[in-house]
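Participant: I am attaching a structure below and will ask some questions about it afterwards.
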Amino acid sequence: MTDFSGLELIEPLRRALTAEGYTAPTPIQAQSIPHLLAGRDLLGVAQTGTGKTAAFVLPMLQNLAKRSRGRPAAGRPRALILAPTRELAVQIGDSVRSYGRFLHLRGTTIFGGSPMGKQIRALAGGVDIVIATPGRLMDLLNRNKLRLDDVSIFVLDEGDRMLDMGFVKDVRKIADLVGSNRQTLLFSATMPTAVAKLAEGLLSDPVRVEVAPQSTTAERIEQRVLFVEKAKKRALLSNLLKDADISRALIFTRTKHGADRVAKHLAKGNVIVGVIHGNKTQGARQRALNGFKKGQLRVLVATDIAARGIDVDGVTHVINFDLPQDPDTYVHRIGRTARAGAEGKAISFCDAEERGYLVDIEKVTGKAVPVHTDHPFHAQEIADAEPAGGKSGRKNRRRNRGRNGGNNGGAWKQANGGGSVRKFRPRRGKGRRPGQEGGSARAA
Ligand code: AMP
């Protein structure tokens, strides 16, 4: 499809798309919009950056506008969009406002960490669309500030994250409160069994639309891994940031504390940096995000949860200061660059303890992440590396030859801490995931 004319969108929406500067639908939009306008349920396998928000917001606005009979009753929205984090909710709210600017529909965004009064007043004034995080929505439902009986369109965005963050019970409860005569949409970047199960329970005869499957999302993204000792990561980062091509970088750390430490270190080196994580106030997070979006901050350091769903165009580099334990998280992270057709680079630091994570990531993405050897630290590592002795040292050399054509032995040896892979090998399985730090993982 070359432009939007084949999608039968109403004029106020087409005008809004022109104002946004969109000339053609993205694949997920072209595939989803006709089915959604026809009222079908939909299971969308897509990550942010594919244009999925417009894919569900445009038909939602059109269907609501067509069925509108003036201002909705107080506290009885007609459409509900659930998002796992405040940032994503705010972003979807912005999209609803932009795409709906020439329509007379009303929407409000509801999330935790900000006063309830304003949200309660907005609901009482009558809104067509509520965009909410599950926790705060449950709060308001328990206080009888809204009812969901009139909701005819129900969207669950980032289903996989929603489950990761422990929202499954809330989501099910909320779904039960939404009238059964509804159109339901579920979007998820990945489709683990738990999400498939949730979809099965919520959707009725859904159309399945899948774009950029996991294994190919990274195609436009130039990925590199740098082997480095844990203690040298910060110095390596400062070194990398001397490269002026890194003009807008999103840096991921596994923990909130780690994010603060990295940001502090960079600030000392005069890098203009912001940081977002679960211990920051909503205001501070939004300010940092806005500064990053406007280009006032060159670097934003974030934990996975805080960065969930944030949509910033023009991110030139994603840097994994720590590798995530969960390969899906890696795919999510690097997807923050190379958005909307742009090119992007993803650089991952890997220390001895993270080797196992890298192996898992490569299994899921289906390809080896090339090792970046052209950095000053690499040379130093080779010089520093002691001859690897013993059994595991030999094993590592063999492994290394297989992967990198044998020209990278020093870096591997050093990365393995002189052959102590086993000792460092991380625990696998269903442990707590990195970035999920106790109760703070819950956004709302
Ligand atoms: P999303 O996947 O919804 O997070 O959208 C990713 C980015 O693509 C956002 O910055 C949108 O504004 C942008 N976008 C969405 N649809 C289009 C389109 N048809 N043409 C150009 N940009 C788009």
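Naming works like this for the structure tokens: A, B, ... for the chains as they're shown, residue 1 at the start of each chain, ligands 1 onward in shown order.
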Got a sec to check which residues lie within 8 Å of ligand 1, using only C-alpha atoms and all ligand atoms, and send them as number ranges by chain?

Facilitator: A: 17, 20-26, 29, 46-55, 95, 309-313, 339-340

Participant: Please provide as a list in words all residues within 8 Å of Asp149 in chain A, with the sequence filter that same-chain residues fewer than 4 positions apart are discarded (counting only C-alpha atoms).

Facilitator: Arg76, Leu177, Val178 and Gly179 of chain A

Participant: Generate a file of the selected residues that holds N, CA and C atoms, formatted as a PDB file, in the first residue's frame.

Facilitator:
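Output saved as again_35.pdb:
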ATOM      1  N   ARG A  76     -17.970   6.674  32.684  1.00  0.00           N
ATOM      2  CA  ARG A  76     -18.309   5.496  31.860  1.00  0.00           C
ATOM      3  C   ARG A  76     -17.650   5.607  30.496  1.00  0.00           C
ATOM      4  N   LEU A 177     -14.488  -6.924  34.029  1.00  0.00           N
ATOM      5  CA  LEU A 177     -15.392  -5.802  34.264  1.00  0.00           C
ATOM      6  C   LEU A 177     -15.834  -5.123  32.965  1.00  0.00           C
ATOM      7  N   VAL A 178     -15.047  -5.350  31.911  1.00  0.00           N
ATOM      8  CA  VAL A 178     -15.424  -4.772  30.619  1.00  0.00           C
ATOM      9  C   VAL A 178     -16.543  -5.635  30.040  1.00  0.00           C
ATOM     10  N   GLY A 179     -17.541  -4.990  29.486  1.00  0.00           N
ATOM     11  CA  GLY A 179     -18.667  -5.737  28.929  1.00  0.00           C
ATOM     12  C   GLY A 179     -18.197  -6.804  27.948  1.00  0.00           C
TER      13      GLY A 179
END

Participant: Please report, as a PyMOL selection string, each residue of range 147-365 of chain A to which DSSP assigns helix (DSSP H, G or I) when run on this structure's backbone.

Facilitator: chain A and resi 159-164+168-177+193-202+214-220+230-240+256-268+282-293+304-307+327-334+339-341+352-365

Participant: If you count only C-alpha atoms, which residues fall within 6 Å of range 191-207 of chain A, apart from same-chain ones fewer than 5 positions away, as a ChimeraX atom specification?

Facilitator: /A:41-42,184

Participant: Using only C-alpha atoms, which residue out of A:Leu80, A:Leu88, A:Val45, A:Val171 lies closest to Ala307 in chain A?

Facilitator: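 Closest candidate: A:Leu88.
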
Participant: Using DSSP on the backbone coordinates, identify all residues within range 134-323 of chain A classified as strand (DSSP E); present the result as a PyMOL selection string.

Facilitator: chain A and resi 153-156+183-188+207-210+221-227+249-252+273-276+299-302+317-320

Participant: How would the residues just picked look written out with N, CA, C and O atoms as a CSV table (one decimal), in the first residue's frame?

Facilitator:
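Below you can see result16.csv, which holds the result:
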chain,number,residue,atom,x,y,z
A,153,ILE,N,-14.4,-1.0,23.2
A,153,ILE,CA,-13.1,-1.4,22.6
A,153,ILE,C,-12.1,-1.4,23.7
A,153,ILE,O,-11.9,-0.5,24.5
A,154,PHE,N,-11.4,-2.6,23.8
A,154,PHE,CA,-10.5,-2.8,24.9
A,154,PHE,C,-9.2,-3.2,24.3
A,154,PHE,O,-9.1,-4.2,23.6
A,155,VAL,N,-8.1,-2.4,24.6
A,155,VAL,CA,-6.8,-2.7,24.1
A,155,VAL,C,-5.8,-3.0,25.2
A,155,VAL,O,-5.7,-2.2,26.2
A,156,LEU,N,-5.1,-4.0,25.0
A,156,LEU,CA,-4.0,-4.4,25.9
A,156,LEU,C,-2.7,-4.2,25.2
A,156,LEU,O,-2.4,-4.9,24.2
A,183,GLN,N,-14.9,-5.3,21.4
A,183,GLN,CA,-13.8,-5.6,20.5
A,183,GLN,C,-12.5,-5.6,21.4
A,183,GLN,O,-12.3,-4.6,22.1
A,184,THR,N,-11.7,-6.7,21.3
A,184,THR,CA,-10.5,-6.7,22.1
A,184,THR,C,-9.3,-6.9,21.3
A,184,THR,O,-9.2,-7.6,20.3
A,185,LEU,N,-8.3,-6.1,21.6
A,185,LEU,CA,-7.0,-6.1,20.9
A,185,LEU,C,-5.9,-6.4,21.9
A,185,LEU,O,-5.9,-5.8,23.0
A,186,LEU,N,-5.0,-7.3,21.5
A,186,LEU,CA,-3.8,-7.5,22.4
A,186,LEU,C,-2.6,-7.4,21.5
A,186,LEU,O,-2.4,-8.1,20.5
A,187,PHE,N,-1.7,-6.5,22.0
A,187,PHE,CA,-0.4,-6.4,21.3
A,187,PHE,C,0.7,-6.9,22.2
A,187,PHE,O,0.7,-6.6,23.4
A,188,SER,N,1.7,-7.5,21.6
A,188,SER,CA,2.8,-8.0,22.4
A,188,SER,C,4.0,-8.1,21.5
A,188,SER,O,3.9,-8.5,20.3
A,207,VAL,N,-8.0,-11.9,14.5
A,207,VAL,CA,-7.1,-11.8,13.3
A,207,VAL,C,-5.7,-11.7,14.0
A,207,VAL,O,-5.5,-11.0,14.9
A,208,ARG,N,-4.7,-12.5,13.4
A,208,ARG,CA,-3.4,-12.4,14.0
A,208,ARG,C,-2.5,-11.7,13.0
A,208,ARG,O,-2.4,-12.0,11.8
A,209,VAL,N,-1.9,-10.6,13.4
A,209,VAL,CA,-1.0,-9.8,12.6
A,209,VAL,C,0.4,-9.8,13.2
A,209,VAL,O,0.5,-9.5,14.4
A,210,GLU,N,1.3,-10.2,12.4
A,210,GLU,CA,2.7,-10.2,13.0
A,210,GLU,C,3.7,-9.5,12.1
A,210,GLU,O,3.7,-9.7,10.9
A,221,ILE,N,19.6,-2.9,12.6
A,221,ILE,CA,20.4,-2.4,13.7
A,221,ILE,C,21.8,-3.1,13.7
A,221,ILE,O,21.9,-4.3,13.6
A,222,GLU,N,22.8,-2.3,13.7
A,222,GLU,CA,24.2,-2.8,13.7
A,222,GLU,C,24.5,-3.2,15.1
A,222,GLU,O,24.6,-2.3,16.0
A,223,GLN,N,24.7,-4.4,15.4
A,223,GLN,CA,25.0,-4.9,16.8
A,223,GLN,C,26.4,-5.2,17.0
A,223,GLN,O,27.1,-5.8,16.1
A,224,ARG,N,26.9,-4.9,18.1
A,224,ARG,CA,28.3,-5.2,18.5
A,224,ARG,C,28.3,-5.6,20.0
A,224,ARG,O,27.6,-5.1,20.8
A,225,VAL,N,29.2,-6.5,20.3
A,225,VAL,CA,29.5,-6.8,21.7
A,225,VAL,C,30.9,-6.4,22.0
A,225,VAL,O,31.8,-6.7,21.2
A,226,LEU,N,31.1,-5.9,23.2
A,226,LEU,CA,32.5,-5.5,23.6
A,226,LEU,C,32.7,-6.3,24.9
A,226,LEU,O,32.0,-6.2,25.9
A,227,PHE,N,33.8,-7.1,24.9
A,227,PHE,CA,34.1,-7.8,26.1
A,227,PHE,C,35.0,-7.0,27.0
A,227,PHE,O,35.9,-6.4,26.6
A,249,ALA,N,22.1,8.7,22.8
A,249,ALA,CA,22.3,7.4,23.3
A,249,ALA,C,21.4,7.0,24.4
A,249,ALA,O,21.3,7.8,25.4
A,250,LEU,N,20.8,5.8,24.3
A,250,LEU,CA,20.0,5.3,25.4
A,250,LEU,C,20.9,4.2,26.1
A,250,LEU,O,21.3,3.3,25.4
A,251,ILE,N,21.2,4.3,27.3
A,251,ILE,CA,22.1,3.4,28.0
A,251,ILE,C,21.3,2.6,29.0
A,251,ILE,O,20.6,3.2,29.9
A,252,PHE,N,21.3,1.3,28.9
A,252,PHE,CA,20.6,0.4,29.8
A,252,PHE,C,21.5,-0.2,30.9
A,252,PHE,O,22.5,-0.7,30.6
A,273,VAL,N,23.7,14.3,30.7
A,273,VAL,CA,23.0,13.0,30.9
A,273,VAL,C,21.8,13.1,31.8
A,273,VAL,O,21.8,13.9,32.7
A,274,GLY,N,20.8,12.3,31.5
A,274,GLY,CA,19.6,12.2,32.4
A,274,GLY,C,19.5,10.7,32.8
A,274,GLY,O,20.1,9.9,32.2
A,275,VAL,N,18.7,10.5,33.8
A,275,VAL,CA,18.5,9.1,34.2
A,275,VAL,C,17.0,8.9,34.6
A,275,VAL,O,16.4,9.8,35.2
A,276,ILE,N,16.5,7.7,34.2
A,276,ILE,CA,15.2,7.4,34.6
A,276,ILE,C,15.1,6.0,35.2
A,276,ILE,O,15.7,5.1,34.6
A,299,VAL,N,22.6,11.8,26.5
A,299,VAL,CA,22.5,10.4,27.0
A,299,VAL,C,21.4,10.3,28.0
A,299,VAL,O,21.2,11.2,28.8
A,300,LEU,N,20.7,9.2,27.9
A,300,LEU,CA,19.7,8.9,28.9
A,300,LEU,C,20.0,7.5,29.4
A,300,LEU,O,20.1,6.5,28.7
A,301,VAL,N,20.2,7.4,30.7
A,301,VAL,CA,20.5,6.1,31.4
A,301,VAL,C,19.2,5.6,31.9
A,301,VAL,O,18.5,6.4,32.6
A,302,ALA,N,18.9,4.4,31.7
A,302,ALA,CA,17.6,3.9,32.1
A,302,ALA,C,17.6,2.4,32.5
A,302,ALA,O,18.5,1.6,32.1
A,317,HIS,N,22.2,5.4,19.2
A,317,HIS,CA,22.9,4.2,19.8
A,317,HIS,C,22.1,3.7,21.0
A,317,HIS,O,21.7,4.6,21.9
A,318,VAL,N,22.0,2.4,21.1
A,318,VAL,CA,21.5,1.8,22.4
A,318,VAL,C,22.8,1.1,22.9
A,318,VAL,O,23.5,0.4,22.2
A,319,ILE,N,23.1,1.5,24.2
A,319,ILE,CA,24.3,0.8,24.8
A,319,ILE,C,23.8,0.0,26.0
A,319,ILE,O,23.1,0.5,26.9
A,320,ASN,N,24.1,-1.3,25.9
A,320,ASN,CA,23.7,-2.2,27.0
A,320,ASN,C,25.0,-2.2,28.0
A,320,ASN,O,25.9,-2.9,27.7

Participant: If you measure from CA of Val151 in chain A to CA of Arg182 in chain A, what distance in Å do you get, rounded to one decimal?

Facilitator: 7.0 Å

Participant: Record the distance separating CA of Arg172 in chain A and CA of Leu137 in chain A, expressed in Å with one decimal.

Facilitator: 12.6 Å

Participant: Calculated over only C-alpha atoms, which of the candidates A:Ala83, A:Met116, A:Val127, A:Leu289 has the smallest distance to Asp160 in chain A?

Facilitator: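 Closest to Asp160 in chain A, using only C-alpha atoms: A:Ala83.
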
Participant: Which residue is closest to Gly278 in chain A? Choose from A:Asp157, A:Glu362, A:Asp164, A:Glu87 and count only C-alpha atoms.

Facilitator: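 Under the stated criterion, the closest residue is A:Glu87.
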